[in-house]
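J.: I'm passing along query-v3.cif; it holds mmCIF, C-alpha atoms and all ligand atoms.
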data_start
loop_
_atom_site.group_PDB
_atom_site.id
_atom_site.type_symbol
_atom_site.label_atom_id
_atom_site.label_comp_id
_atom_site.auth_asym_id
_atom_site.auth_seq_id
_atom_site.Cartn_x
_atom_site.Cartn_y
_atom_site.Cartn_z
ATOM 1 C CA MET A 1 41.641 9.277 -62.731
ATOM 2 C CA GLU A 2 44.587 8.377 -64.931
ATOM 3 C CA ALA A 3 48.096 9.372 -63.836
ATOM 4 C CA LEU A 4 48.875 12.946 -64.770
ATOM 5 C CA MET A 5 52.279 14.428 -65.452
ATOM 6 C CA PRO A 6 53.348 17.634 -63.669
ATOM 7 C CA ILE A 7 53.831 20.506 -66.108
ATOM 8 C CA SER A 8 57.215 21.240 -64.498
ATOM 9 C CA TYR A 9 58.514 17.930 -65.943
ATOM 10 C CA LEU A 10 58.256 19.360 -69.461
ATOM 11 C CA ASN A 11 61.195 21.683 -68.851
ATOM 12 C CA ASP A 12 63.020 19.574 -66.265
ATOM 13 C CA PHE A 13 63.218 16.652 -68.714
ATOM 14 C CA ILE A 14 65.027 18.817 -71.252
ATOM 15 C CA PHE A 15 67.390 20.072 -68.530
ATOM 16 C CA CYS A 16 68.213 16.474 -67.586
ATOM 17 C CA PRO A 17 65.936 13.410 -67.811
ATOM 18 C CA TYR A 18 67.615 11.878 -64.762
ATOM 19 C CA SER A 19 66.525 14.796 -62.592
ATOM 20 C CA LEU A 20 62.935 13.579 -62.995
ATOM 21 C CA TYR A 21 63.927 10.163 -61.700
ATOM 22 C CA LEU A 22 65.713 11.721 -58.704
ATOM 23 C CA HIS A 23 62.759 13.981 -58.067
ATOM 24 C CA GLN A 24 60.481 10.957 -57.808
ATOM 25 C CA VAL A 25 62.897 9.042 -55.580
ATOM 26 C CA PHE A 26 63.824 11.810 -53.157
ATOM 27 C CA ASP A 27 60.810 14.079 -53.024
ATOM 28 C CA ASN A 28 58.738 12.658 -50.175
ATOM 29 C CA ASN A 29 55.883 14.990 -51.033
ATOM 30 C CA THR A 30 55.363 13.567 -54.502
ATOM 31 C CA GLU A 31 52.406 11.449 -53.407
ATOM 32 C CA ASP A 32 50.797 14.435 -51.729
ATOM 33 C CA VAL A 33 51.316 16.587 -54.749
ATOM 34 C CA TYR A 34 49.879 13.955 -57.045
ATOM 35 C CA SER A 35 46.786 13.464 -54.950
ATOM 36 C CA ALA A 36 46.259 17.053 -53.938
ATOM 37 C CA ALA A 37 46.726 18.679 -57.306
ATOM 38 C CA PRO A 38 43.786 17.171 -59.167
ATOM 39 C CA GLN A 39 41.531 17.936 -56.205
ATOM 40 C CA GLN A 40 42.666 21.542 -56.175
ATOM 41 C CA VAL A 41 42.192 21.741 -59.918
ATOM 42 C CA GLY A 42 38.718 20.388 -59.430
ATOM 43 C CA LYS A 43 37.941 23.044 -56.836
ATOM 44 C CA ALA A 44 39.285 25.837 -59.047
ATOM 45 C CA ASN A 45 37.401 24.471 -62.023
ATOM 46 C CA HIS A 46 34.167 24.226 -60.116
ATOM 47 C CA ALA A 47 34.587 27.719 -58.702
ATOM 48 C CA VAL A 48 34.833 29.123 -62.201
ATOM 49 C CA ILE A 49 31.967 27.049 -63.558
ATOM 50 C CA ASP A 50 29.780 27.903 -60.568
ATOM 51 C CA ALA A 51 30.604 31.581 -60.941
ATOM 52 C CA LYS A 52 29.734 31.496 -64.615
ATOM 53 C CA GLU A 53 26.479 29.707 -63.946
ATOM 54 C CA THR A 54 25.247 31.819 -61.091
ATOM 55 C CA GLU A 55 26.793 35.159 -62.091
ATOM 56 C CA ARG A 56 26.690 35.879 -58.358
ATOM 57 C CA ILE A 57 30.261 35.013 -57.437
ATOM 58 C CA PRO A 58 32.654 37.378 -59.196
ATOM 59 C CA ILE A 59 35.629 35.695 -60.848
ATOM 60 C CA PRO A 60 38.843 37.294 -59.527
ATOM 61 C CA LYS A 61 40.486 39.698 -61.967
ATOM 62 C CA ILE A 62 43.848 38.061 -61.406
ATOM 63 C CA LEU A 63 44.433 34.375 -60.746
ATOM 64 C CA LYS A 64 47.881 33.566 -59.362
ATOM 65 C CA GLY A 65 49.327 30.138 -58.730
ATOM 66 C CA ILE A 66 46.152 28.190 -59.412
ATOM 67 C CA TYR A 67 46.303 24.573 -60.511
ATOM 68 C CA VAL A 68 45.252 23.762 -64.044
ATOM 69 C CA LEU A 69 44.705 20.391 -65.663
ATOM 70 C CA SER A 70 44.357 19.022 -69.165
ATOM 71 C CA GLN A 71 42.803 15.599 -69.575
ATOM 72 C CA LYS A 72 43.580 15.758 -73.303
ATOM 73 C CA LEU A 73 47.303 16.084 -72.645
ATOM 74 C CA GLY A 74 47.421 14.226 -69.320
ATOM 75 C CA ILE A 75 49.161 17.049 -67.488
ATOM 76 C CA TYR A 76 48.547 19.282 -64.480
ATOM 77 C CA GLY A 77 50.394 22.071 -62.727
ATOM 78 C CA LYS A 78 50.320 25.631 -61.511
ATOM 79 C CA ILE A 79 50.141 28.698 -63.682
ATOM 80 C CA ASP A 80 51.934 31.867 -62.695
ATOM 81 C CA THR A 81 49.443 34.663 -63.444
ATOM 82 C CA LEU A 82 46.245 34.861 -65.481
ATOM 83 C CA TYR A 83 44.803 38.340 -65.953
ATOM 84 C CA VAL A 84 41.264 37.126 -66.428
ATOM 85 C CA SER A 85 39.550 40.150 -67.993
ATOM 86 C CA GLU A 86 42.550 40.866 -70.218
ATOM 87 C CA LYS A 87 42.717 37.159 -71.122
ATOM 88 C CA LYS A 88 46.452 37.347 -70.592
ATOM 89 C CA LEU A 89 48.639 34.506 -69.293
ATOM 90 C CA VAL A 90 52.091 35.445 -67.974
ATOM 91 C CA GLU A 91 54.863 33.104 -66.837
ATOM 92 C CA SER A 92 57.430 34.933 -64.692
ATOM 93 C CA LYS A 93 60.949 33.703 -64.127
ATOM 94 C CA PHE A 94 63.620 35.384 -62.055
ATOM 95 C CA SER A 95 65.939 36.031 -64.974
ATOM 96 C CA ILE A 96 65.415 35.181 -68.625
ATOM 97 C CA SER A 97 68.338 35.464 -71.027
ATOM 98 C CA THR A 98 67.267 32.651 -73.362
ATOM 99 C CA ILE A 99 63.812 31.256 -73.934
ATOM 100 C CA TYR A 100 64.402 27.523 -73.972
ATOM 101 C CA GLN A 101 62.104 25.046 -75.700
ATOM 102 C CA GLY A 102 61.143 23.678 -72.288
ATOM 103 C CA TYR A 103 59.796 27.114 -71.301
ATOM 104 C CA TYR A 104 57.549 27.062 -74.364
ATOM 105 C CA TYR A 105 56.301 23.561 -73.546
ATOM 106 C CA GLN A 106 55.368 24.697 -70.039
ATOM 107 C CA LEU A 107 53.526 27.794 -71.217
ATOM 108 C CA TRP A 108 51.737 25.920 -74.016
ATOM 109 C CA ALA A 109 50.657 23.256 -71.524
ATOM 110 C CA GLN A 110 49.263 25.927 -69.184
ATOM 111 C CA TYR A 111 47.457 27.552 -72.105
ATOM 112 C CA PHE A 112 45.861 24.335 -73.384
ATOM 113 C CA ALA A 113 44.834 23.366 -69.845
ATOM 114 C CA LEU A 114 43.198 26.752 -69.249
ATOM 115 C CA ILE A 115 41.306 26.573 -72.545
ATOM 116 C CA GLU A 116 40.138 23.062 -71.709
ATOM 117 C CA MET A 117 38.932 24.325 -68.314
ATOM 118 C CA GLY A 118 36.825 27.011 -69.962
ATOM 119 C CA PHE A 119 39.029 30.090 -69.620
ATOM 120 C CA GLU A 120 39.728 32.477 -72.465
ATOM 121 C CA VAL A 121 43.358 33.360 -73.180
ATOM 122 C CA ASN A 122 44.327 35.678 -76.028
ATOM 123 C CA THR A 123 47.822 36.758 -75.007
ATOM 124 C CA LEU A 124 50.827 34.825 -73.736
ATOM 125 C CA SER A 125 54.143 36.109 -72.492
ATOM 126 C CA PHE A 126 57.190 35.437 -70.352
ATOM 127 C CA PHE A 127 58.298 38.041 -67.840
ATOM 128 C CA SER A 128 61.888 38.365 -66.615
ATOM 129 C CA ILE A 129 61.650 39.724 -63.070
ATOM 130 C CA LYS A 130 65.295 40.768 -62.731
ATOM 131 C CA ASP A 131 65.329 43.174 -65.696
ATOM 132 C CA ARG A 132 61.543 43.564 -66.003
ATOM 133 C CA LYS A 133 61.505 42.469 -69.643
ATOM 134 C CA THR A 134 58.426 41.004 -71.306
ATOM 135 C CA TYR A 135 58.728 38.399 -74.060
ATOM 136 C CA PRO A 136 55.490 37.966 -76.036
ATOM 137 C CA VAL A 137 54.681 34.435 -77.225
ATOM 138 C CA ASP A 138 52.386 33.474 -80.116
ATOM 139 C CA ILE A 139 49.212 31.631 -79.255
ATOM 140 C CA PRO A 140 49.971 27.931 -79.870
ATOM 141 C CA THR A 141 48.159 26.189 -82.714
ATOM 142 C CA GLN A 142 47.434 22.548 -83.459
ATOM 143 C CA LYS A 143 51.052 22.210 -84.612
ATOM 144 C CA GLU A 144 52.329 23.195 -81.157
ATOM 145 C CA PHE A 145 49.689 20.994 -79.499
ATOM 146 C CA LEU A 146 51.014 17.976 -81.405
ATOM 147 C CA ALA A 147 54.642 18.870 -80.624
ATOM 148 C CA LEU A 148 53.759 19.191 -76.952
ATOM 149 C CA ARG A 149 51.911 15.879 -76.942
ATOM 150 C CA ALA A 150 54.893 14.178 -78.604
ATOM 151 C CA HIS A 151 57.204 15.619 -75.915
ATOM 152 C CA ILE A 152 54.914 14.347 -73.156
ATOM 153 C CA LYS A 153 54.922 10.872 -74.721
ATOM 154 C CA THR A 154 58.733 10.933 -74.940
ATOM 155 C CA ILE A 155 58.946 11.660 -71.209
ATOM 156 C CA ALA A 156 56.341 9.028 -70.325
ATOM 157 C CA ARG A 157 58.214 6.350 -72.292
ATOM 158 C CA PHE A 158 61.724 7.325 -71.233
ATOM 159 C CA ASP A 159 63.877 4.528 -69.855
ATOM 160 C CA PHE A 160 65.600 6.015 -66.824
ATOM 161 C CA GLU A 161 67.978 3.054 -66.660
ATOM 162 C CA GLN A 162 69.639 3.971 -69.934
ATOM 163 C CA THR A 163 73.000 5.715 -69.934
ATOM 164 C CA ILE A 164 72.640 9.378 -69.067
ATOM 165 C CA LYS A 165 74.991 11.892 -70.626
ATOM 166 C CA THR A 166 76.127 14.331 -67.970
ATOM 167 C CA ASN A 167 76.843 17.968 -68.579
ATOM 168 C CA ALA A 168 79.100 19.652 -66.000
ATOM 169 C CA ALA A 169 77.483 23.054 -66.492
ATOM 170 C CA LYS A 170 74.045 21.587 -65.839
ATOM 171 C CA CYS A 171 75.124 19.341 -62.964
ATOM 172 C CA SER A 172 76.715 22.270 -61.147
ATOM 173 C CA HIS A 173 73.325 24.010 -61.157
ATOM 174 C CA CYS A 174 71.217 20.937 -60.429
ATOM 175 C CA ILE A 175 69.615 20.723 -56.997
ATOM 176 C CA TYR A 176 70.021 16.920 -57.109
ATOM 177 C CA ALA A 177 73.769 16.987 -57.775
ATOM 178 C CA ALA A 178 74.667 16.009 -54.219
ATOM 179 C CA LEU A 179 72.362 12.968 -54.458
ATOM 180 C CA CYS A 180 73.027 12.005 -58.046
ATOM 181 C CA ASP A 181 74.973 8.824 -58.795
ATOM 182 C CA LYS A 182 75.841 10.070 -62.304
ATOM 183 C CA THR A 183 78.238 12.771 -61.155
ATOM 184 C CA GLU A 184 80.730 13.475 -58.372
ATOM 185 C CA MET A 185 80.029 17.153 -58.688
ATOM 186 C CA ASP A 186 78.331 19.213 -56.022
ATOM 187 C CA HIS A 187 76.010 22.013 -56.976
ATOM 188 C CA VAL A 188 76.740 25.694 -56.628
ATOM 189 C CA TYR A 189 74.060 26.072 -53.950
ATOM 190 C CA ALA A 190 75.932 23.800 -51.477
HETATM 191 S S1 LIG A 201 73.361 16.090 -61.239
HETATM 192 FE FE1 LIG A 201 73.611 16.163 -63.464
HETATM 193 S S2 LIG A 201 73.178 14.069 -64.171
HETATM 194 FE FE2 LIG A 201 72.403 14.247 -62.078
HETATM 195 S S3 LIG A 201 70.259 14.785 -62.328
HETATM 196 FE FE3 LIG A 201 71.377 16.691 -62.094
HETATM 197 S S4 LIG A 201 71.865 17.394 -64.163
HETATM 198 FE FE4 LIG A 201 71.245 15.237 -64.277
#
Please express what this file holds, its structure, as structure tokens.
Ligand code: SF4

T.:
Amino acid sequence: MEALMPISYLNDFIFCPYSLYLHQVFDNNTEDVYSAAPQQVGKANHAVIDAKETERIPIPKILKGIYVLSQKLGIYGKIDTLYVSEKKLVESKFSISTIYQGYYYQLWAQYFALIEMGFEVNTLSFFSIKDRKTYPVDIPTQKEFLALRAHIKTIARFDFEQTIKTNAAKCSHCIYAALCDKTEMDHVYA
């Protein structure tokens, strides 16, 4: 199987490309995640296919935190919640004040992966847990698919040795700040 990119990278890269590099260097579980994820996707995929074929195993009404994978895009990751019979995919975040482009990339990637795996999805939304607000999102089209694929290629080809522009506001909220050689700043979680 070709290398697959975690869906979380789509947003993290926009936050700061260097955080992806630090994630790979310092996260000892990366190998496990890489090897385990496709297997778990395979299991989830087979469970759905088997259920459809036999009609004996009911598909759960709500799927939470399952792995999804798109071979077309070369990405994998977890979804938040899929309401199967309502064909509704929801991505919850603790607090949403702005919907960043990276959020859209993540949700589009989840959507395209689910479709590729044989699920039906007719409704997409973000949910802000703190204030219980729902933000509906249009179903992505071919235009969004191409934009997403271009973003994935940009990440895959990124030269992490190039000069990184730091942003104090971002660094202060980055979990890698204490380990990062691009800033002397510590993060607010220290
Ligand atoms: S500390 Fe700043 S420069 Fe370093 S990875 Fe985080 S956001 Fe990027």

J.: Using all atoms listed in the file, which residue out of A:Pro136, A:Gly77, A:Pro6, A:Pro17 lies closest to ligand LIG 201 (chain A)?

T.: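 Ranking A:Pro136, A:Gly77, A:Pro6, A:Pro17 by distance to ligand LIG 201 (chain A), first place goes to A:Pro17.
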
J.: List the residues matched by the PyMOL selection byres (((chain A and resi 82) around 10) and not hetatm) in the displayed structure as a PyMOL selection string, ordered by chain and then by residue number.

T.: chain A and resi 60-66+79-81+83-91+111+114+119-121+123-124

J.: Please identify all protein, DNA and RNA residues within 8 Å of ligand LIG 201 (chain A), counting only C-alpha atoms and all ligand atoms, and report them as a PyMOL selection string.

T.: chain A and resi 15-22+164-168+170-183+185-187

J.: Using only C-alpha atoms, which protein or nucleic acid residues come within 8 Å of A:Tyr76? Drop anything in the same chain fewer than 2 positions from it, and give the result as an MDAnalysis selection string.

T.: chainID A and resid 4:7 37:38 67:70 74 78 113

J.: Using C-alpha atoms, can you export the residues from the last selection as a PDB file, in the frame of the given file?

T.:
ATOM      1  CA  LEU A   4      48.875  12.946 -64.770  1.00  0.00           C
ATOM      2  CA  MET A   5      52.279  14.428 -65.452  1.00  0.00           C
ATOM      3  CA  PRO A   6      53.348  17.634 -63.669  1.00  0.00           C
ATOM      4  CA  ILE A   7      53.831  20.506 -66.108  1.00  0.00           C
ATOM      5  CA  ALA A  37      46.726  18.679 -57.306  1.00  0.00           C
ATOM      6  CA  PRO A  38      43.786  17.171 -59.167  1.00  0.00           C
ATOM      7  CA  TYR A  67      46.303  24.573 -60.511  1.00  0.00           C
ATOM      8  CA  VAL A  68      45.252  23.762 -64.044  1.00  0.00           C
ATOM      9  CA  LEU A  69      44.705  20.391 -65.663  1.00  0.00           C
ATOM     10  CA  SER A  70      44.357  19.022 -69.165  1.00  0.00           C
ATOM     11  CA  GLY A  74      47.421  14.226 -69.320  1.00  0.00           C
ATOM     12  CA  LYS A  78      50.320  25.631 -61.511  1.00  0.00           C
ATOM     13  CA  ALA A 113      44.834  23.366 -69.845  1.00  0.00           C
TER      14      ALA A 113
END

J.: Grab the atom CA of A:Lys133 to atom CA of A:Ala109 distance for me, in Å with one decimal place.

T.: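 That distance, rounded to one decimal, is 22.1 Å.
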